[in-house]
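To start, the structure itself, in structure tokens.
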Amino acid sequence: MEFAKSIDMKKPKGLKTPIKPSSKSMRTHYRKLAEICDLHTSASAQTLIARVC
């Protein structure tokens, strides 16, 4: 199997496989973040960041 060569032909181009999460998992993640944000609307940014991480 031969890889595509870069313009200068010295190094092979890195073939990248795009990896995307499923739309279901993205919705779940968004809902969890939205819930945390809604529960801590009056909290400081520092507190909110601590809750998210």
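Ordered as shown in the structure tokens, chains take letters A, B, and onward, while each chain numbers its residues from 1 and ligands are numbered from 1 in the order shown.
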### Query
Could you pull the residues within 8 Å of segment 28-42 of chain A, counting only C-alpha atoms, minus those fewer than 3 positions along the same chain, as a ChimeraX atom specification?
/A:24-25,48,51-52
